[in-house]
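**Student:** If it helps, the file is called run_13.cif and holds mmCIF, C-alpha atoms:
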```
data_entry
#
loop_
_atom_site.label_atom_id
_atom_site.label_comp_id
_atom_site.auth_asym_id
_atom_site.auth_seq_id
_atom_site.Cartn_x
_atom_site.Cartn_y
_atom_site.Cartn_z
CA MET A 155 -16.99 -7.53 39.46
CA GLN A 156 -15.99 -7.25 43.12
CA ILE A 157 -12.44 -6.21 42.23
CA ILE A 158 -13.75 -3.53 39.86
CA THR A 159 -16.17 -2.27 42.49
CA GLN A 160 -13.55 -2.11 45.27
CA SER A 161 -10.99 -0.33 43.10
CA GLY A 162 -13.48 2.22 41.85
CA SER A 163 -12.15 1.59 38.35
CA LYS A 164 -13.90 2.86 35.27
CA ILE A 165 -13.22 0.94 32.09
CA SER A 166 -12.22 2.82 28.93
CA TYR A 167 -11.11 -0.17 26.82
CA LEU A 168 -13.12 -3.38 26.59
CA LYS A 169 -12.19 -6.47 24.57
CA LEU A 170 -14.63 -9.38 24.33
CA ARG A 171 -13.64 -12.66 22.64
CA GLY A 172 -15.68 -15.79 22.08
CA TYR A 173 -13.61 -18.91 22.75
CA GLU A 174 -15.86 -20.95 20.51
CA PHE A 175 -17.66 -19.75 17.41
CA PRO A 176 -20.30 -18.63 17.79
CA GLU A 177 -20.24 -17.71 21.47
CA LYS A 178 -23.69 -16.60 22.52
CA LEU A 179 -24.43 -14.30 25.43
CA SER A 180 -27.08 -15.97 27.54
CA ASN A 181 -28.61 -12.96 29.33
CA ALA A 182 -28.11 -9.54 27.78
CA ARG A 183 -30.35 -7.79 30.33
CA SER A 184 -28.33 -9.10 33.27
CA LEU A 185 -25.13 -8.00 31.56
CA GLU A 186 -26.57 -4.52 31.12
CA ARG A 187 -27.77 -4.21 34.70
CA ASN A 188 -24.74 -5.65 36.49
CA PHE A 189 -21.83 -4.66 34.28
CA LEU A 190 -22.50 -2.27 31.41
CA VAL A 191 -24.41 0.47 33.17
CA PRO A 192 -22.35 0.66 36.40
CA PHE A 193 -18.88 0.12 34.92
CA ILE A 194 -18.85 0.68 31.18
CA SER A 195 -21.30 3.20 29.78
CA GLU A 196 -19.85 6.44 31.11
CA THR A 197 -16.17 5.90 30.35
CA LEU A 198 -15.85 3.38 27.49
CA THR A 199 -13.91 4.82 24.53
CA THR A 200 -12.75 1.65 22.72
CA LEU A 201 -14.77 -1.52 22.14
CA ASP A 202 -13.27 -4.61 20.48
CA VAL A 203 -15.61 -7.59 20.04
CA SER A 204 -14.95 -10.83 18.19
CA ARG A 205 -16.96 -14.05 17.64
CA ILE A 206 -19.93 -13.22 19.85
CA LEU A 207 -23.63 -13.46 19.06
CA ASP A 208 -26.51 -11.54 20.63
CA LEU A 209 -24.34 -8.59 21.58
CA PRO A 210 -26.52 -6.14 23.55
CA MET A 211 -27.36 -3.06 21.47
CA SER A 212 -26.86 -0.94 24.57
CA LEU A 213 -23.16 -1.85 24.77
CA ILE A 214 -22.68 0.53 21.86
CA ALA A 215 -25.74 2.76 22.04
CA ASN A 216 -25.42 3.62 25.76
CA SER A 217 -21.68 4.41 25.68
CA ALA A 218 -21.69 8.14 25.01
CA ASN A 219 -17.89 8.47 24.85
CA LEU A 220 -17.26 5.51 22.55
CA LYS A 221 -14.92 6.54 19.71
CA HIS A 222 -13.23 3.38 18.45
CA LEU A 223 -15.30 0.35 17.44
CA HIS A 224 -13.91 -2.99 16.23
CA LEU A 225 -16.38 -5.76 15.39
CA HIS A 226 -15.27 -9.12 13.98
CA TYR A 227 -17.69 -11.97 13.29
CA THR A 228 -20.14 -10.46 15.76
CA ALA A 229 -23.91 -10.18 15.50
CA PRO A 230 -26.25 -8.08 17.66
CA GLU A 231 -29.31 -9.16 19.55
CA LEU A 232 -32.63 -8.85 17.79
CA TYR A 233 -34.41 -5.55 18.19
CA HIS A 234 -37.57 -6.41 20.11
CA ASP A 235 -39.68 -5.37 23.09
CA GLY A 236 -37.15 -6.75 25.56
CA VAL A 237 -34.59 -4.10 24.61
CA ASP A 238 -34.52 -1.19 27.04
CA GLU A 239 -35.17 1.91 24.88
CA ASP A 240 -33.69 4.18 27.55
CA LEU A 241 -30.28 2.55 26.98
CA LEU A 242 -30.27 3.34 23.25
CA LYS A 243 -30.20 7.12 23.42
CA ALA A 244 -26.57 8.10 24.06
CA PHE A 245 -25.76 7.75 20.33
CA PRO A 246 -21.92 7.83 20.46
CA ASN A 247 -19.94 9.58 17.75
CA ILE A 248 -17.68 6.90 16.23
CA GLN A 249 -14.30 8.04 14.85
CA THR A 250 -12.66 4.69 14.02
CA LEU A 251 -14.58 1.69 12.69
CA GLU A 252 -13.24 -1.77 11.85
CA ILE A 253 -15.89 -4.28 10.89
CA ARG A 254 -15.95 -7.79 9.45
CA PRO A 255 -19.11 -9.79 8.59
CA PRO A 256 -21.76 -10.77 9.72
CA ASP A 257 -23.54 -7.81 8.17
CA ALA A 258 -26.19 -7.25 10.82
CA MET A 259 -23.85 -4.97 12.80
CA ILE A 260 -23.70 -2.67 9.79
CA GLY A 261 -27.47 -2.55 9.84
CA LEU A 262 -27.41 -1.18 13.39
CA LEU A 263 -24.83 1.43 12.42
CA LEU A 264 -26.82 2.56 9.39
CA GLY A 265 -30.26 2.53 10.99
CA HIS A 266 -33.45 1.80 9.08
CA ASP A 267 -33.13 4.99 7.00
CA GLY A 268 -29.48 4.45 6.07
CA PHE A 269 -29.74 1.38 3.84
CA PRO A 270 -28.77 1.80 0.18
CA GLU A 271 -31.57 2.39 -2.29
CA THR A 272 -30.37 -0.56 -4.37
CA ARG A 273 -31.80 -3.43 -2.36
CA SER A 274 -29.79 -6.58 -3.01
CA ALA A 275 -30.60 -9.90 -1.36
CA THR A 276 -27.92 -9.15 1.25
CA VAL A 277 -29.46 -5.78 2.09
CA TYR A 278 -32.93 -7.27 2.46
CA ALA A 279 -31.55 -10.03 4.69
CA VAL A 280 -29.86 -7.50 6.97
CA MET A 281 -32.98 -5.32 7.13
CA THR A 282 -35.04 -8.36 8.04
CA PHE A 283 -32.62 -9.44 10.77
CA CYS A 284 -32.29 -6.00 12.34
CA GLY A 285 -35.96 -5.17 12.00
CA VAL A 286 -37.38 -2.59 9.64
CA ASP A 287 -37.78 -0.09 12.50
CA SER A 288 -34.47 -0.82 14.20
CA PRO A 289 -32.76 2.43 15.25
CA ALA A 290 -29.12 3.25 14.61
CA VAL A 291 -26.98 2.67 17.71
CA ALA A 292 -24.23 5.17 16.85
CA ASP A 293 -23.41 8.21 14.75
CA ILE A 294 -20.93 7.47 11.94
CA THR A 295 -21.38 10.72 10.01
CA SER A 296 -18.09 12.00 11.52
CA LEU A 297 -16.18 8.75 10.95
CA LYS A 298 -12.50 9.34 10.13
CA SER A 299 -11.10 5.83 9.65
CA PHE A 300 -12.94 2.82 8.17
CA ARG A 301 -11.39 -0.65 7.82
CA THR A 302 -13.40 -3.47 6.28
CA PHE A 303 -13.10 -6.60 4.16
CA ASN A 304 -13.83 -7.17 0.48
CA THR A 305 -16.13 -10.15 0.36
CA PRO A 306 -18.40 -9.98 -2.74
CA TYR A 307 -21.79 -9.98 -1.01
CA TYR A 308 -20.64 -7.41 1.53
CA LEU A 309 -19.44 -4.47 -0.57
CA THR A 310 -22.87 -2.87 -1.03
CA LEU A 311 -23.17 -2.40 2.72
CA ALA A 312 -19.56 -1.22 2.99
CA GLN A 313 -20.35 1.43 0.38
CA ALA A 314 -23.33 2.51 2.49
CA ILE A 315 -20.93 3.20 5.38
CA ILE A 316 -18.69 5.20 3.02
CA ASP A 317 -21.66 7.23 1.80
CA LYS A 318 -22.80 8.03 5.32
CA ALA A 319 -19.29 9.16 6.35
CA LYS A 320 -18.44 10.93 3.09
CA VAL A 321 -17.89 14.39 4.55
CA SER A 322 -15.40 13.24 7.19
CA LEU A 323 -13.67 10.02 6.09
CA GLU A 324 -9.88 10.38 5.96
CA GLU A 325 -8.69 6.76 5.88
CA PHE A 326 -10.18 3.76 4.06
CA TYR A 327 -8.72 0.25 4.32
CA LEU A 328 -10.22 -2.46 2.12
CA CYS A 329 -8.55 -5.66 3.26
CA GLY A 330 -8.74 -9.10 1.73
CA GLU A 331 -10.95 -11.56 3.55
CA SER A 332 -8.87 -14.23 1.85
CA ASP A 333 -5.67 -14.02 -0.18
CA GLU A 334 -7.09 -16.71 -2.45
CA GLU A 335 -10.40 -15.06 -3.38
CA PHE A 336 -10.76 -12.37 -6.02
CA CYS A 337 -13.46 -9.82 -5.32
CA GLN A 338 -14.49 -7.48 -8.12
CA LEU A 339 -14.63 -3.87 -6.95
CA VAL A 340 -15.88 -1.97 -10.00
CA ASN A 341 -19.53 -0.90 -9.66
CA SER A 342 -19.34 -1.75 -5.95
CA ILE A 343 -16.89 0.76 -4.45
CA ASN A 344 -17.20 4.44 -5.35
CA LEU A 345 -14.97 7.11 -3.83
CA CYS A 346 -16.37 10.07 -5.75
CA GLU A 347 -17.56 12.01 -2.68
CA LEU A 348 -14.55 11.41 -0.43
CA SER A 349 -12.82 14.74 -0.93
CA ARG A 350 -11.17 14.54 2.52
CA LEU A 351 -9.76 11.04 2.06
CA GLN A 352 -6.01 11.07 2.76
CA ARG A 353 -5.01 7.40 2.98
CA LEU A 354 -6.22 4.48 0.84
CA TYR A 355 -5.19 0.85 1.36
CA MET A 356 -6.36 -2.10 -0.77
CA ASP A 357 -5.61 -5.83 -1.01
CA ILE A 358 -5.75 -7.17 -4.56
CA VAL A 359 -5.75 -10.85 -5.58
CA LEU A 360 -4.74 -11.54 -9.19
CA PRO A 361 -6.92 -14.26 -10.78
CA ILE A 362 -6.29 -15.93 -14.13
CA ASP A 363 -9.33 -14.84 -16.11
CA VAL A 364 -10.04 -11.33 -14.76
CA ASP A 365 -7.85 -8.24 -15.08
CA ALA A 366 -7.76 -7.22 -11.42
CA ILE A 367 -5.47 -4.25 -12.11
CA ARG A 368 -7.97 -2.78 -14.57
CA ASP A 369 -10.69 -3.37 -11.98
CA LEU A 370 -8.63 -1.47 -9.40
CA SER A 371 -7.93 1.34 -11.87
CA SER A 372 -11.68 1.70 -12.44
CA VAL A 373 -12.16 2.29 -8.72
CA LEU A 374 -9.38 4.90 -8.66
CA LEU A 375 -11.15 6.67 -11.52
CA THR A 376 -13.90 7.53 -9.02
CA VAL A 377 -11.51 9.55 -6.83
CA PRO A 378 -12.64 13.20 -7.14
CA ASP A 379 -10.48 15.87 -8.78
CA ASN A 380 -10.47 17.89 -5.57
CA ASN A 381 -9.12 14.97 -3.57
CA SER A 382 -6.81 15.16 -0.53
CA LEU A 383 -5.09 11.79 -0.95
CA GLN A 384 -1.53 11.65 0.32
CA HIS A 385 -0.92 7.90 0.46
CA ILE A 386 -2.03 4.90 -1.61
CA SER A 387 -0.93 1.47 -0.44
CA LEU A 388 -1.58 -1.68 -2.47
CA GLN A 389 -0.86 -5.27 -1.46
CA VAL A 390 -1.02 -7.52 -4.51
CA PHE A 391 -1.26 -11.30 -4.14
CA ASN A 392 0.31 -12.97 -7.17
CA GLY A 393 0.01 -16.68 -7.85
CA GLN A 394 -2.83 -17.81 -5.63
CA TYR A 395 -5.00 -18.68 -8.62
CA ASN A 396 -2.41 -20.36 -10.84
CA ARG A 397 -0.79 -23.70 -10.08
CA ARG A 398 2.00 -22.87 -12.49
CA SER A 399 2.49 -19.48 -10.96
CA VAL A 400 5.69 -17.65 -11.77
CA PRO A 401 6.63 -14.06 -10.95
CA GLU A 402 5.94 -12.88 -14.51
CA SER A 403 2.28 -13.90 -14.21
CA ILE A 404 1.81 -10.49 -12.61
CA ASN A 405 2.37 -8.76 -15.95
CA SER A 406 -0.65 -6.98 -17.42
CA PRO A 407 -1.08 -4.06 -19.81
CA SER A 408 -3.35 -2.46 -17.22
CA TRP A 409 -0.44 -1.48 -14.98
CA SER A 410 0.01 1.52 -17.28
CA LEU A 411 -3.59 2.53 -16.54
CA LEU A 412 -2.88 2.34 -12.83
CA ASP A 413 0.28 4.36 -13.36
CA SER A 414 -1.61 7.16 -15.09
CA GLN A 415 -4.43 7.19 -12.57
CA VAL A 416 -2.15 7.42 -9.53
CA ALA A 417 -0.17 10.23 -11.17
CA ILE A 418 -3.40 12.15 -11.80
CA ILE A 419 -4.57 11.66 -8.22
CA ALA A 420 -1.24 12.77 -6.78
CA GLN A 421 -1.25 15.99 -8.82
CA GLU A 422 1.78 18.00 -7.63
CA ARG A 423 1.54 17.60 -3.87
CA PRO A 424 3.80 15.34 -1.77
CA PHE A 425 2.51 11.81 -2.19
CA THR A 426 3.50 8.26 -1.20
CA PHE A 427 2.78 5.19 -3.31
CA HIS A 428 3.47 1.83 -1.61
CA LEU A 429 3.30 -1.37 -3.62
CA HIS A 430 3.83 -4.70 -1.88
CA ILE A 431 3.70 -7.91 -3.91
CA CYS A 432 3.15 -11.18 -2.09
CA HIS A 433 4.14 -14.02 -4.39
CA GLN A 434 2.94 -17.57 -3.81
CA PRO A 435 4.92 -20.02 -5.94
CA ALA A 436 3.39 -22.85 -7.89
CA GLU A 437 1.73 -25.48 -5.74
CA PHE A 438 3.95 -28.47 -5.10
CA SER A 439 2.45 -31.89 -4.52
CA ASP A 440 5.03 -34.59 -5.18
CA SER A 441 8.42 -34.98 -3.55
CA GLU A 442 11.54 -36.74 -4.71
CA SER A 443 14.33 -37.16 -2.17
CA ASP A 444 17.79 -36.42 -3.48
CA SER A 445 20.98 -37.93 -2.18
CA ASP A 446 21.61 -34.78 -0.13
CA GLY A 447 18.31 -35.25 1.72
CA PHE A 448 16.58 -32.30 0.07
CA GLU A 449 13.05 -33.08 -1.01
CA ARG A 450 12.82 -31.69 -4.52
CA CYS A 451 9.53 -29.94 -5.11
CA THR A 452 7.60 -31.14 -8.12
CA VAL A 453 4.94 -28.99 -9.75
CA THR A 454 1.48 -30.49 -10.13
CA ARG A 455 0.98 -31.02 -13.85
CA THR A 456 -1.64 -32.21 -16.24
CA PRO A 457 -0.69 -33.98 -19.49
CA SER A 458 -1.66 -30.91 -21.53
CA SER A 459 0.78 -28.76 -19.61
CA ARG A 460 3.93 -30.81 -20.12
CA ASN A 461 5.04 -29.04 -23.29
CA ASP A 462 4.02 -25.49 -22.51
CA GLU A 463 5.40 -24.92 -19.02
CA PRO A 464 7.06 -21.56 -18.44
CA GLU A 465 10.83 -21.67 -18.47
CA SER A 466 10.80 -20.34 -14.90
CA ILE A 467 9.00 -23.45 -13.67
CA ILE A 468 11.51 -25.71 -15.40
CA ARG A 469 14.43 -23.81 -13.89
CA LEU A 470 12.94 -23.91 -10.41
CA ARG A 471 12.31 -27.65 -10.61
CA ALA A 472 15.91 -28.21 -11.58
CA CYS A 473 17.15 -26.81 -8.26
CA ARG A 474 18.99 -29.35 -6.13
CA SER A 475 18.30 -27.86 -2.70
CA GLU A 476 15.75 -25.74 -0.93
CA ARG A 477 18.32 -22.97 -0.51
CA GLU A 478 19.07 -22.95 -4.25
CA HIS A 479 15.34 -22.96 -5.04
CA GLU A 480 14.64 -20.05 -2.73
CA ALA A 481 17.60 -18.00 -3.99
CA LEU A 482 16.54 -18.44 -7.62
CA LEU A 483 12.93 -17.56 -6.84
CA HIS A 484 13.99 -14.35 -5.09
CA LYS A 485 16.20 -13.45 -8.03
CA MET A 486 13.29 -13.97 -10.44
CA CYS A 487 10.85 -11.97 -8.32
CA LYS A 488 13.17 -9.02 -7.92
CA SER A 489 13.96 -8.92 -11.64
CA VAL A 490 10.34 -9.18 -12.82
CA TYR A 491 8.95 -6.72 -10.29
CA ARG A 492 11.73 -4.21 -10.92
CA THR A 493 10.96 -4.32 -14.65
CA LEU A 494 7.27 -3.88 -13.89
CA LEU A 495 7.93 -0.67 -11.98
CA LEU A 496 10.49 0.86 -14.32
CA GLU A 497 8.80 0.01 -17.63
CA ASN A 498 5.08 -0.10 -16.85
CA MET A 499 4.84 2.66 -14.25
CA PRO A 500 7.14 5.47 -15.51
CA LYS A 501 4.88 8.35 -14.44
CA ILE A 502 4.89 7.27 -10.82
CA MET A 503 8.58 6.45 -10.84
CA GLN A 504 9.64 9.72 -12.45
CA SER A 505 7.34 12.14 -10.62
CA PRO A 506 9.44 14.26 -8.25
CA ASN A 507 6.58 14.64 -5.78
CA ILE A 508 5.82 10.89 -5.47
CA THR A 509 7.77 8.76 -3.02
CA VAL A 510 7.70 5.12 -4.12
CA VAL A 511 8.02 2.30 -1.60
CA SER A 512 8.22 -1.07 -3.37
CA THR A 513 8.54 -4.39 -1.55
CA TYR A 514 7.83 -8.07 -2.07
CA SER A 515 7.67 -11.29 -0.08
CA ILE A 516 7.38 -14.97 -0.95
CA ARG A 517 4.85 -17.25 0.67
CA THR A 518 6.11 -20.80 0.33
CA PRO A 519 3.49 -23.58 0.40
CA TYR A 520 5.78 -26.35 1.61
CA HIS A 521 3.33 -26.82 4.46
CA TYR A 522 -0.10 -26.04 3.10
CA TRP A 523 -1.66 -25.69 6.56
CA ALA A 524 0.85 -23.05 7.69
CA PRO A 525 2.27 -21.12 4.72
CA ARG A 526 5.55 -19.41 5.49
CA GLU A 527 5.98 -15.85 4.29
CA ARG A 528 9.61 -14.93 3.80
CA HIS A 529 11.02 -11.65 5.04
CA VAL A 530 9.91 -8.55 3.17
CA LYS A 531 12.52 -7.39 0.67
CA ASN A 532 12.90 -4.20 -1.35
CA ILE A 533 12.30 -4.39 -5.09
CA LEU A 534 14.47 -1.42 -6.06
#
```
Write the structure described by the file as structure tokens, please.

**Tutor:**
Amino acid sequence: MQIITQSGSKISYLKLRGYEFPEKLSNARSLERNFLVPFISETLTTLDVSRILDLPMSLIANSANLKHLHLHYTAPELYHDGVDEDLLKAFPNIQTLEIRPPDAMIGLLLGHDGFPETRSATVYAVMTFCGVDSPAVADITSLKSFRTFNTPYYLTLAQAIIDKAKVSLEEFYLCGESDEEFCQLVNSINLCELSRLQRLYMDIVLPIDVDAIRDLSSVLLTVPDNNSLQHISLQVFNGQYNRRSVPESINSPSWSLLDSQVAIIAQERPFTFHLHICHQPAEFSDSESDSDGFERCTVTRTPSSRNDEPESIIRLRACRSEREHEALLHKMCKSVYRTLLLENMPKIMQSPNITVVSTYSIRTPYHYWAPRERHVKNIL
């Protein structure tokens, strides 16, 4: 504090990180009086907070020039009589928002009158935590960029942010909270009022028993006819759900639906479609050391699977070295994904106005605690 005072510095960017989770602020009022008001409130433009509980509401609400807000695993203090109402009136106009659960922070951005009419258990829990009369701490009606995470219980509140920023939102990033968890989007995410949206990014995990590509296509059906989209970027995680995963497990008739929908959205304007496929090979559990020292990877099998294993699995197990295994896997991925693009997505591939960027990578589970993702390679 003394250094800041002597230098006369005013802080425009503030990053707060909890070393342990959760890290709890012990005295919000002292923080306001000795740090936020004299050094932060007038000049803060970017706030990045992670893994902190009882974040003072005034840190956001009293920073009139705050434009960029990043909140990860952070929860606000309870709205009660101890909160200084005079420090909640600046009402900054947020332009960029990145938020990850807990959901209570969304409650303070929506305000008591901004919750969705459909009151799920999650919505009621957030309303209870924030307080029914809790005011909004910021204005998100002019939000331009929104990045969030697709956990199942969380999408209703994410949609509420979209609805509140519908007249201004230009970028929407729906990232995977986990590359091993499928989250159904249909009936949860609706883009029908985002006529100014220009960039859309989504992470998609392919499970065994749900057609995730059809689910994604259903969301794209909600894009309005008068849309402004210029870029759609999809990252598809293939194999996380299937122990006998092979590149061809990505195949689905629904890719043609996605092809048609993207072509309709693009219309005739310049457009970029980026598809990245992250392939995780079959899980390996047993090892057999060969004479050359290479530990041959053995696929986990059940007795019922011995006679119906895909040929790809058999070929991969026959490899005599890690280098041979990796080379064959790359060859398989490139062949399967190339066929997917050329045969299942002809409208996108042949449209003169659509620029296609297609890449893939392989995440090898040799060390389950630290999966290695190989360098990104082009499909075409």

**Student:** Within 12 Å of (15.4, -21.6, -7.6) in the file's own coordinates, which protein, DNA or RNA residues have an atom, counting all atoms listed in the file? List them as JSON, numbers by chain.

**Tutor:** {"A": [400, 435, 450, 451, 465, 466, 467, 468, 469, 470, 471, 472, 473, 474, 475, 476, 477, 478, 479, 480, 481, 482, 483, 484, 485, 486, 487]}

**Student:** On this file, the PyMOL selection byres ((chain A and resi 408) around 9) gives some set of residues; write that set as number ranges by chain.

**Tutor:** A: 365-368, 371, 405-407, 409-413, 498

**Student:** Rank A:Ser505, A:Gly393, A:Leu345, A:Val340 by their smallest atom-to-atom distance to Ile418 in chain A, using only C-alpha atoms, and report the top residue only.

**Tutor:**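 That would be A:Ser505, the residue with the smallest distance to Ile418 in chain A.
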
**Student:** Using CA of Ala218 in chain A and CA of Ile253 in chain A as the two end points, give the distance in Å to one decimal.

**Tutor:**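 CA of Ile253 in chain A lies 19.7 Å from CA of Ala218 in chain A.
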
**Student:** Each residue of range 317-357 of chain A lying at most 10 Å from range 426-431 of chain A should get a row with its shortest atom-to-atom pair and the distance in Å to one decimal, counting only C-alpha atoms; could you produce that, ordered by chain and increasing number, as CSV?

**Tutor:**
```
residue,atom,partner,partner_atom,distance
A:Arg353,CA,A:Thr426,CA,9.5
A:Leu354,CA,A:Phe427,CA,9.9
A:Tyr355,CA,A:His428,CA,9.2
A:Asp357,CA,A:His430,CA,9.5
```

**Student:** Any chance you could model N, CA and C atoms for range 213-227 of chain A and send them as a short mmCIF file (atom, residue, chain, number, x, y, z; two decimals), in the coordinates of the input?

**Tutor:**
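And here is the file that came out, out37.cif:
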```cif
data_model
loop_
_atom_site.label_atom_id
_atom_site.label_comp_id
_atom_site.auth_asym_id
_atom_site.auth_seq_id
_atom_site.Cartn_x
_atom_site.Cartn_y
_atom_site.Cartn_z
N LEU A 213 -24.60 -1.91 24.57
CA LEU A 213 -23.16 -1.85 24.77
C LEU A 213 -22.54 -0.76 23.91
N ILE A 214 -23.12 -0.56 22.73
CA ILE A 214 -22.68 0.53 21.86
C ILE A 214 -23.52 1.78 22.09
N ALA A 215 -24.83 1.61 22.05
CA ALA A 215 -25.74 2.76 22.04
C ALA A 215 -25.74 3.55 23.34
N ASN A 216 -25.38 2.93 24.47
CA ASN A 216 -25.42 3.62 25.76
C ASN A 216 -24.05 4.13 26.20
N SER A 217 -23.03 3.97 25.33
CA SER A 217 -21.68 4.41 25.68
C SER A 217 -21.40 5.73 24.97
N ALA A 218 -21.71 6.82 25.64
CA ALA A 218 -21.69 8.14 25.01
C ALA A 218 -20.31 8.56 24.54
N ASN A 219 -19.26 8.06 25.19
CA ASN A 219 -17.89 8.47 24.85
C ASN A 219 -17.17 7.49 23.94
N LEU A 220 -17.88 6.51 23.42
CA LEU A 220 -17.26 5.51 22.55
C LEU A 220 -16.79 6.16 21.25
N LYS A 221 -15.51 5.96 20.91
CA LYS A 221 -14.92 6.54 19.71
C LYS A 221 -14.38 5.50 18.74
N HIS A 222 -13.91 4.36 19.27
CA HIS A 222 -13.23 3.38 18.45
C HIS A 222 -13.96 2.04 18.56
N LEU A 223 -14.45 1.54 17.44
CA LEU A 223 -15.30 0.35 17.44
C LEU A 223 -14.74 -0.69 16.48
N HIS A 224 -14.46 -1.89 17.02
CA HIS A 224 -13.91 -2.99 16.23
C HIS A 224 -14.82 -4.20 16.42
N LEU A 225 -15.42 -4.66 15.33
CA LEU A 225 -16.38 -5.76 15.39
C LEU A 225 -16.00 -6.82 14.37
N HIS A 226 -15.67 -8.03 14.86
CA HIS A 226 -15.27 -9.12 13.98
C HIS A 226 -16.16 -10.33 14.24
N TYR A 227 -16.84 -10.79 13.19
CA TYR A 227 -17.69 -11.97 13.29
C TYR A 227 -18.61 -11.87 14.50
#
```
